[in-house]
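Structure file work22.txt; described as compact mmCIF, C-alpha atoms.
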# COMPACT_ATOMS: atom_id res chain seq x y z
CA MET A 9 -73.84 -224.79 53.83
CA ASN A 10 -72.13 -226.66 51.02
CA ASN A 11 -69.26 -227.49 53.36
CA VAL A 12 -71.69 -229.07 55.82
CA LYS A 13 -73.20 -231.20 53.05
CA ILE A 14 -69.74 -232.33 51.94
CA LYS A 15 -68.80 -233.20 55.53
CA ASN A 16 -72.06 -235.12 56.03
CA LYS A 17 -71.53 -236.95 52.76
CA SER A 18 -67.97 -237.85 53.76
CA PHE A 19 -69.19 -239.13 57.13
CA ILE A 20 -71.84 -241.30 55.46
CA ILE A 21 -69.24 -242.79 53.10
CA TRP A 22 -66.92 -243.48 56.05
CA LEU A 23 -69.77 -245.05 58.05
CA VAL A 24 -70.86 -247.31 55.17
CA THR A 25 -67.24 -248.35 54.54
CA SER A 26 -66.74 -249.08 58.25
CA LEU A 27 -69.90 -251.16 58.39
CA MET A 28 -68.85 -253.10 55.31
CA MET A 29 -65.44 -253.78 56.83
CA SER A 30 -67.01 -254.81 60.14
CA GLN A 31 -69.38 -257.13 58.29
CA SER A 32 -66.40 -258.55 56.40
CA VAL A 33 -64.50 -259.20 59.63
CA LEU A 34 -67.59 -260.74 61.23
CA SER A 35 -68.10 -262.89 58.17
CA ASN A 36 -64.51 -264.07 58.35
CA ILE A 37 -64.93 -264.92 62.03
CA LEU A 38 -68.14 -266.86 61.56
CA ALA A 39 -67.40 -268.47 58.22
CA PRO A 40 -65.67 -271.61 59.63
CA GLU A 41 -68.72 -272.33 61.80
CA PHE A 42 -70.97 -272.54 58.79
CA SER A 43 -68.62 -274.28 56.38
CA ASP A 44 -66.22 -276.90 57.64
CA GLY A 45 -65.79 -275.50 61.15
CA LYS A 46 -66.70 -276.44 64.68
CA SER A 47 -67.69 -274.15 67.53
CA TYR A 48 -67.54 -274.61 71.29
CA LEU A 49 -68.95 -272.63 74.21
CA ILE A 50 -66.43 -272.70 77.05
CA ASP A 51 -66.14 -270.74 80.29
CA ILE A 52 -62.49 -269.99 79.71
CA ASP A 53 -61.93 -267.56 82.58
CA LYS A 54 -64.27 -269.36 85.02
CA ASN A 55 -66.51 -266.32 85.59
CA GLY A 56 -69.78 -267.92 84.58
CA VAL A 57 -69.78 -266.41 81.07
CA LYS A 58 -68.96 -268.74 78.20
CA GLU A 59 -66.62 -267.67 75.43
CA LYS A 60 -67.01 -269.01 71.91
CA VAL A 61 -64.16 -270.93 70.29
CA ILE A 62 -64.47 -271.45 66.54
CA THR A 63 -62.00 -273.50 64.53
CA GLU A 64 -61.64 -274.89 61.06
CA GLU A 65 -62.04 -278.66 60.92
CA ASN A 66 -59.91 -279.02 57.79
CA GLY A 67 -57.61 -276.09 58.42
CA GLU A 68 -55.73 -274.57 61.33
CA LEU A 69 -57.40 -271.21 62.02
CA LEU A 70 -59.00 -270.75 65.44
CA TYR A 71 -60.87 -267.76 66.90
CA ILE A 72 -61.73 -266.96 70.51
CA ILE A 73 -64.73 -264.65 70.88
CA ASN A 74 -65.53 -263.12 74.27
CA PRO A 75 -69.13 -261.77 74.38
CA SER A 76 -68.18 -259.09 76.92
CA VAL A 77 -65.14 -257.81 74.99
CA LYS A 78 -65.08 -256.30 71.51
CA GLY A 79 -63.14 -258.14 68.85
CA TYR A 80 -61.61 -261.59 68.93
CA VAL A 81 -58.31 -263.41 69.35
CA LYS A 82 -57.01 -265.23 66.32
CA GLY A 83 -54.89 -268.29 66.96
CA SER A 84 -54.46 -271.80 65.63
CA ASN A 85 -55.73 -275.28 66.43
CA LEU A 86 -52.08 -276.33 65.93
CA THR A 87 -52.79 -279.14 63.49
CA VAL A 88 -50.00 -280.02 61.08
CA ASP A 89 -51.05 -280.91 57.54
CA GLY A 90 -50.37 -284.58 56.85
CA TYR A 91 -49.41 -285.28 60.47
CA THR A 92 -52.27 -284.42 62.84
CA VAL A 93 -55.98 -283.69 62.51
CA PHE A 94 -58.25 -281.68 64.77
CA ASP A 95 -60.30 -283.63 67.31
CA ARG A 96 -61.94 -281.26 69.82
CA VAL A 97 -61.69 -278.28 72.16
CA THR A 98 -62.54 -278.68 75.84
CA GLU A 99 -62.31 -276.85 79.15
CA LEU A 100 -59.39 -277.05 81.54
CA PRO A 101 -60.20 -279.02 84.71
CA ASN A 102 -61.03 -277.54 88.10
CA ASN A 103 -60.56 -273.76 88.32
CA GLU A 104 -57.76 -273.52 85.77
CA LYS A 105 -58.37 -270.71 83.32
CA GLY A 106 -57.96 -271.60 79.66
CA PHE A 107 -58.84 -274.50 77.39
CA LEU A 108 -57.45 -277.60 75.73
CA ILE A 109 -57.00 -278.23 72.01
CA ILE A 110 -56.89 -281.96 71.38
CA ASN A 111 -55.57 -283.30 68.08
CA ARG A 112 -54.98 -286.86 66.95
CA GLY A 113 -52.44 -288.52 64.71
CA GLY A 114 -53.39 -288.52 61.07
CA ASN A 115 -52.13 -292.04 60.40
CA PHE A 116 -50.82 -293.18 63.77
CA GLY A 117 -52.38 -293.87 67.14
CA ALA A 118 -51.69 -290.81 69.23
CA TYR A 119 -53.38 -287.82 70.84
CA ILE A 120 -51.67 -284.43 71.17
CA ILE A 121 -53.07 -282.19 73.92
CA ASN A 122 -52.31 -278.46 73.74
CA THR A 123 -52.91 -276.47 76.92
CA VAL A 124 -53.83 -272.82 76.33
CA SER A 125 -53.83 -270.90 79.63
CA LEU A 126 -55.31 -267.50 80.36
CA VAL A 127 -52.54 -265.57 82.17
CA ASN A 128 -53.09 -261.92 83.12
CA GLY A 129 -55.69 -261.55 80.40
CA LYS A 130 -53.45 -263.08 77.71
CA TYR A 131 -53.72 -266.49 76.08
CA ILE A 132 -50.48 -268.49 76.40
CA LEU A 133 -49.63 -271.95 75.10
CA THR A 134 -48.15 -273.41 78.29
CA LYS A 135 -47.93 -277.14 77.64
CA VAL A 136 -48.06 -279.71 74.87
CA SER A 137 -48.34 -283.38 75.78
CA ALA A 138 -48.76 -286.50 73.70
CA GLU A 139 -49.47 -290.16 74.24
CA SER A 140 -49.16 -292.99 71.75
CA GLU A 141 -49.38 -296.76 71.86
CA ASN A 142 -47.79 -298.97 69.22
CA ASN A 143 -47.94 -302.69 68.57
CA ILE A 144 -44.33 -303.92 68.58
CA ASP A 145 -44.68 -307.57 67.67
CA GLY A 146 -48.22 -308.72 68.38
CA ILE A 147 -47.32 -309.62 71.97
CA LEU A 148 -45.66 -306.48 73.22
CA PHE A 149 -46.92 -302.90 73.05
CA SER A 150 -44.97 -299.68 73.50
CA LYS A 151 -46.61 -296.76 75.30
CA VAL A 152 -44.87 -293.40 74.85
CA ASN A 153 -45.67 -290.24 76.83
CA CYS A 154 -44.07 -286.91 75.89
CA GLU A 155 -44.40 -283.40 77.29
CA LEU A 156 -43.14 -279.90 76.56
CA ARG A 157 -43.48 -276.99 79.00
CA LEU A 158 -43.80 -273.76 77.03
CA SER A 159 -44.67 -270.08 77.23
CA ILE A 160 -45.72 -269.02 73.73
CA PRO A 161 -48.27 -266.22 73.12
CA PHE A 162 -51.30 -267.85 71.53
CA GLU A 163 -52.49 -264.85 69.53
CA ASN A 164 -51.41 -265.29 65.89
CA ILE A 165 -49.57 -268.50 66.79
CA SER A 166 -48.64 -270.92 64.01
CA PRO A 167 -47.99 -274.68 64.21
CA SER A 168 -44.43 -273.98 63.09
CA ASP A 169 -43.88 -272.01 66.32
CA VAL A 170 -44.23 -275.20 68.37
CA LYS A 171 -41.57 -277.88 68.62
CA GLN A 172 -42.70 -281.42 67.80
CA VAL A 173 -43.61 -283.12 71.05
CA LEU A 174 -43.99 -286.78 70.09
CA LEU A 175 -40.63 -288.40 69.35
CA SER A 176 -39.54 -291.96 68.61
CA PRO A 177 -37.17 -293.70 71.05
CA ASP A 178 -34.26 -293.52 68.60
CA GLU A 179 -34.32 -289.69 68.41
CA SER A 180 -31.66 -287.79 70.36
CA ASP A 181 -34.08 -285.64 72.40
CA PHE A 182 -36.35 -288.54 73.34
CA SER A 183 -35.12 -288.90 76.93
CA LYS A 184 -35.45 -285.14 77.51
CA GLN A 185 -39.18 -284.95 76.83
CA CYS A 186 -40.49 -288.51 76.62
CA ASN A 187 -40.61 -291.82 78.44
CA GLU A 188 -41.50 -295.26 77.17
CA THR A 189 -43.09 -298.20 78.93
CA LYS A 190 -43.70 -301.64 77.46
CA LYS A 191 -46.63 -303.84 78.32
CA SER A 192 -48.53 -306.87 77.11
CA TYR A 193 -52.24 -307.59 77.25
CA PHE A 194 -51.53 -311.35 77.39
CA MET A 195 -51.11 -313.60 80.41
CA LEU A 196 -48.20 -316.02 80.24
CA SER A 197 -50.62 -318.96 80.42
CA GLU A 198 -52.46 -317.68 77.32
CA LEU A 199 -49.28 -317.43 75.31
CA GLU A 200 -48.50 -321.14 75.50
CA SER A 201 -51.58 -322.19 73.52
CA LEU A 202 -51.34 -319.19 71.16
CA THR A 203 -47.70 -320.02 70.39
CA LYS A 204 -48.52 -323.69 69.86
CA SER A 205 -51.29 -322.83 67.39
CA GLY A 206 -49.01 -320.44 65.49
CA LYS A 207 -51.36 -317.49 66.05
CA ILE A 208 -48.56 -315.32 67.42
CA SER A 209 -44.83 -315.07 66.84
CA TRP A 210 -42.22 -314.07 69.37
CA THR A 211 -39.35 -311.61 69.34
CA THR A 212 -36.45 -311.58 71.78
CA GLN A 213 -37.81 -308.25 73.05
CA ALA A 214 -41.09 -309.90 74.03
CA ALA A 215 -39.25 -312.80 75.65
CA GLU A 216 -37.11 -310.37 77.68
CA TYR A 217 -40.24 -308.49 78.81
CA PHE A 218 -41.91 -311.63 80.17
CA ILE A 219 -38.76 -312.89 81.90
CA ASN A 220 -38.29 -309.49 83.55
CA SER A 221 -41.91 -309.31 84.69
CA ASN A 222 -42.43 -313.05 85.35
CA ASP A 223 -39.09 -314.67 86.12
CA VAL A 224 -38.70 -318.42 85.72
CA THR A 225 -39.94 -320.37 88.74
CA LYS A 226 -40.88 -323.97 89.49
CA ASP A 227 -44.49 -322.96 88.87
CA ASN A 228 -43.99 -321.63 85.34
CA VAL A 229 -40.89 -323.44 84.10
CA VAL A 230 -42.96 -325.97 82.15
CA THR A 231 -44.90 -323.16 80.45
CA TYR A 232 -41.68 -321.36 79.50
CA ASN A 233 -40.10 -324.58 78.24
CA ASN A 234 -43.15 -325.40 76.11
CA ILE A 235 -43.23 -321.88 74.66
CA ALA A 236 -39.52 -322.12 73.76
CA TYR A 237 -40.20 -325.47 72.07
CA TYR A 238 -43.19 -324.17 70.09
CA ILE A 239 -41.23 -321.09 68.98
CA PHE A 240 -38.50 -323.38 67.65
CA GLU A 241 -41.02 -325.63 65.92
CA SER A 242 -42.53 -322.69 64.03
CA SER A 243 -39.25 -320.90 63.29
CA LYS A 244 -35.98 -322.81 63.63
CA ASN A 245 -33.82 -319.70 63.79
CA ASN A 246 -35.89 -317.52 66.13
CA PRO A 247 -33.45 -316.41 68.88
CA ALA A 248 -36.34 -315.93 71.33
CA SER A 249 -36.37 -319.70 71.76
CA LEU A 250 -32.70 -319.81 72.76
CA TYR A 251 -33.12 -316.80 75.04
CA LEU A 252 -35.90 -318.51 77.02
CA LEU A 253 -34.00 -321.79 77.23
CA ASP A 254 -30.90 -320.05 78.59
CA LYS A 255 -33.04 -318.35 81.25
CA ILE A 256 -34.61 -321.69 82.19
CA LEU A 257 -31.21 -323.38 82.51
CA HIS A 258 -29.83 -320.50 84.55
CA LYS A 259 -32.47 -321.22 87.19
CA PHE A 260 -32.74 -324.99 86.65
CA PRO A 261 -29.38 -326.24 85.31
CA ASP A 262 -30.40 -329.90 85.66
CA ARG A 263 -33.53 -329.66 83.56
CA ALA A 264 -32.75 -332.27 80.93
CA VAL A 265 -35.48 -331.39 78.43
CA ALA A 266 -34.25 -327.77 78.30
CA HIS A 267 -30.74 -329.01 77.41
CA LEU A 268 -32.29 -331.16 74.67
CA ASN A 269 -34.27 -328.25 73.24
CA LYS A 270 -31.25 -325.98 73.39
CA ALA A 271 -29.10 -328.56 71.64
CA ASP A 272 -31.73 -328.96 68.90
CA TYR A 273 -31.78 -325.18 68.37
CA LEU A 274 -27.98 -324.98 68.18
CA ALA A 275 -27.76 -327.94 65.81
CA ALA A 276 -30.42 -326.46 63.51
CA ASN A 277 -28.45 -323.20 63.41
CA PHE A 278 -25.09 -324.84 62.60
CA LYS A 279 -23.57 -324.38 66.06
CA CYS A 280 -22.14 -327.88 66.04
CA ARG A 281 -19.67 -327.74 68.94
CA LYS A 282 -22.12 -325.97 71.25
CA ALA A 283 -24.85 -328.37 70.20
CA LYS A 284 -22.64 -331.36 71.12
CA GLU A 285 -21.97 -329.83 74.53
CA SER A 286 -25.68 -329.46 75.20
CA TYR A 287 -26.45 -332.96 73.94
CA ASP A 288 -23.66 -334.34 76.20
CA LYS A 289 -25.25 -332.61 79.19
CA TYR A 290 -28.65 -333.98 78.24
CA ILE A 291 -27.30 -337.54 77.86
CA PHE A 292 -25.51 -337.28 81.22
CA LEU A 293 -28.64 -336.13 83.03
CA MET A 294 -30.85 -338.77 81.41
CA THR A 295 -28.33 -341.53 82.20
CA SER A 296 -27.94 -340.32 85.79
CA ASN A 297 -31.69 -340.61 86.25
CA GLY A 298 -31.86 -344.08 84.70
CA LYS A 299 -33.64 -342.83 81.61
CA GLU A 300 -31.00 -343.58 78.98
CA ASN A 301 -33.45 -345.77 77.07
CA ARG A 302 -35.58 -342.64 76.45
CA ILE A 303 -32.79 -340.73 74.71
CA PRO A 304 -33.86 -340.15 71.05
CA LYS A 305 -31.79 -342.00 68.46
CA ARG A 306 -31.16 -338.75 66.56
CA VAL A 307 -29.23 -337.45 69.58
CA ILE A 308 -26.93 -340.50 69.62
CA ASP A 309 -26.47 -340.25 65.84
CA TYR A 310 -25.55 -336.57 66.09
CA GLN A 311 -22.97 -337.27 68.78
CA ASP A 312 -21.49 -340.17 66.82
CA LYS A 313 -20.91 -338.15 63.65
CA ASN A 314 -17.51 -336.82 62.72
CA GLU A 315 -15.96 -333.79 64.36
CA CYS A 316 -17.60 -330.47 63.66
CA GLN A 317 -16.35 -328.67 60.57
Entire entry expressed as structure tokens:
Amino acid sequence: MNNVKIKNKSFIIWLVTSLMMSQSVLSNILAPEFSDGKSYLIDIDKNGVKEKVITEENGELLYIINPSVKGYVKGSNLTVDGYTVFDRVTELPNNEKGFLIINRGGNFGAYIINTVSLVNGKYILTKVSAESENNIDGILFSKVNCELRLSIPFENISPSDVKQVLLSPDESDFSKQCNETKKSYFMLSELESLTKSGKISWTTQAAEYFINSNDVTKDNVVTYNNIAYYIFESSKNNPASLYLLDKILHKFPDRAVAHLNKADYLAANFKCRKAKESYDKYIFLMTSNGKENRIPKRVIDYQDKNECQ
């Protein structure tokens, strides 16, 4: 009889301990939801029953709770302290089983999308993609898209298990997982007035972009020439001005005003011999067209000075 009492007492102690441990586990699972966490109801396996995904907002723990299965899967929202912050969890499109963890750059404009797929009842991190857009010079923007195809078990995953997806163009692996496109939100016609007013400044990279996307033609040559002139007026040593003038003269070698502007740029940047050559071409064209009386005196004075040092 005493043995039975001892056994019953032992069972009660075990039961109470088990319940306390279960309550502790449950508390740990639910704690992020009630403190700094976020929770989402998502039909992960597309069977009409929604699983619960709970994650820390200011940490990296993430739990997946399936109402029809005991226990939970512990993973990570894959944020990196000081680099990315958690944004949201959402379903995969169509009939794909799994979910997306979307994070954003902590101090840079980018979104990192982590694809967690449900494969044979197991959660697998199958893809990480990222997209960022950066202002290069006020005219030109760089858009970078990167992607990694992976197969990493999601249970107990850590951010350190995942290779960094978003790279800068100067990194050695950039071409392997990323591509970059450049674009501008400005029309060429807008840029003439903005350059004249000094509201924007040009780089050679921006000038190259516009020439490649809008080559010099008889319809835009005046706009390009004016932009080159305004760039020079605001910054005498900006090579974007010379770049545009060379492109204009390549298409229209007899455009006198472009030779004048080029000569002025070269003279201002101590390229005396080349400046004299451009002024000579300008004088020849103006004289050939009967416009020698419109040649500025400063051009004649420059040509009359002593040989270049």
Mind checking which residues fall within 8 Å of range 232-245 of chain A, counting only C-alpha atoms, ignoring those fewer than 6 positions away in the same chain, and posting them as a list in words?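 Within the cut-off, the hits are Leu199, Glu200, Thr203, Lys204, Gly206, Ser209, Trp210, Val224, Leu252, Leu253, Ile256, Ala266, Asn269, Tyr273, Ala276 and Asn277 of chain A.
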Suppose we keep C-alpha atoms; can you now write the selection as a PDB file, in the frame of the given file?
ATOM      1  CA  LEU A 199     -49.280-317.430  75.310  1.00  0.00           C
ATOM      2  CA  GLU A 200     -48.500-321.140  75.500  1.00  0.00           C
ATOM      3  CA  THR A 203     -47.700-320.020  70.390  1.00  0.00           C
ATOM      4  CA  LYS A 204     -48.520-323.690  69.860  1.00  0.00           C
ATOM      5  CA  GLY A 206     -49.010-320.440  65.490  1.00  0.00           C
ATOM      6  CA  SER A 209     -44.830-315.070  66.840  1.00  0.00           C
ATOM      7  CA  TRP A 210     -42.220-314.070  69.370  1.00  0.00           C
ATOM      8  CA  VAL A 224     -38.700-318.420  85.720  1.00  0.00           C
ATOM      9  CA  LEU A 252     -35.900-318.510  77.020  1.00  0.00           C
ATOM     10  CA  LEU A 253     -34.000-321.790  77.230  1.00  0.00           C
ATOM     11  CA  ILE A 256     -34.610-321.690  82.190  1.00  0.00           C
ATOM     12  CA  ALA A 266     -34.250-327.770  78.300  1.00  0.00           C
ATOM     13  CA  ASN A 269     -34.270-328.250  73.240  1.00  0.00           C
ATOM     14  CA  TYR A 273     -31.780-325.180  68.370  1.00  0.00           C
ATOM     15  CA  ALA A 276     -30.420-326.460  63.510  1.00  0.00           C
ATOM     16  CA  ASN A 277     -28.450-323.200  63.410  1.00  0.00           C
TER      17      ASN A 277
END
Surrounding residues of Ala248 in chain A excluding itself and chain neighbours under 5 positions, 7 Å, all atoms listed in the file, as a PyMOL selection string: chain A and resi 210-212+215
Compare A:Asn164, A:Asn102, A:Ser205, A:Asn153 by their minimum atom-to-atom distance to Tyr80 in chain A, counting all atoms listed in the file, and give me the closest one. A:Asn164
CA of Phe107 in chain A to CA of Lys135 in chain A: how many Å, to one decimal?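 These two atoms are separated by 11.2 Å.
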To one decimal in Å, tell me the separation between CA of Lys46 in chain A and CA of Leu175 in chain A.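 Computing it gives 29.1 Å between the two atoms.
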Skipping near chain neighbours, those fewer than 3 positions away, what residues fall within 12 Å of Arg96 in chain A using all atoms listed in the file, listed as a PyMOL selection string? chain A and resi 45-49+61-65+70+85-87+93+99+107-112+119-122
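Take CA of Ala138 in chain A and CA of Leu69 in chain A: the distance between them is 21.1 Å.
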So, with all atoms listed in the file as the atoms that count, which of A:Phe116, A:Tyr287, A:Tyr71, A:Phe292 lies closest to Lys305 in chain A?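 Of A:Phe116, A:Tyr287, A:Tyr71, A:Phe292, the one nearest Lys305 in chain A is A:Tyr287, counting all atoms listed in the file.
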Starting from 6 Å padding per side, set up an axis-aligned box that covers all listed atoms of range 124-134 of chain A and hand over centre and edge lengths in Å, one decimal, as JSON.
{"center_x": -51.9, "center_y": -267.5, "center_z": 79.1, "size_x": 19.5, "size_y": 23.9, "size_z": 20.0}
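Minimum distance to Asn142 in chain A across A:Lys190, A:Lys78, A:Lys171, A:Lys184 (counting only C-alpha atoms) occurs at A:Lys190.
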For a quick check of understanding, using only C-alpha atoms, which of A:Glu285, A:Asp254, A:Asp178, A:Asp53 has the smallest distance to Val127 in chain A? A:Asp53
If you count only C-alpha atoms, which residues fall within 10 Å of Leu158 in chain A, apart from same-chain ones fewer than 2 positions away, as a PyMOL selection string? chain A and resi 123+132-136+155-156+160-161+170-171
May I have the residues within 10 Å of range 191-198 of chain A as number ranges by chain, using all atoms listed in the file and disregarding those fewer than 3 positions away in the same chain? A: 141, 143-144, 146-151, 201-203, 214, 217-218, 221-222, 228, 231-232, 235
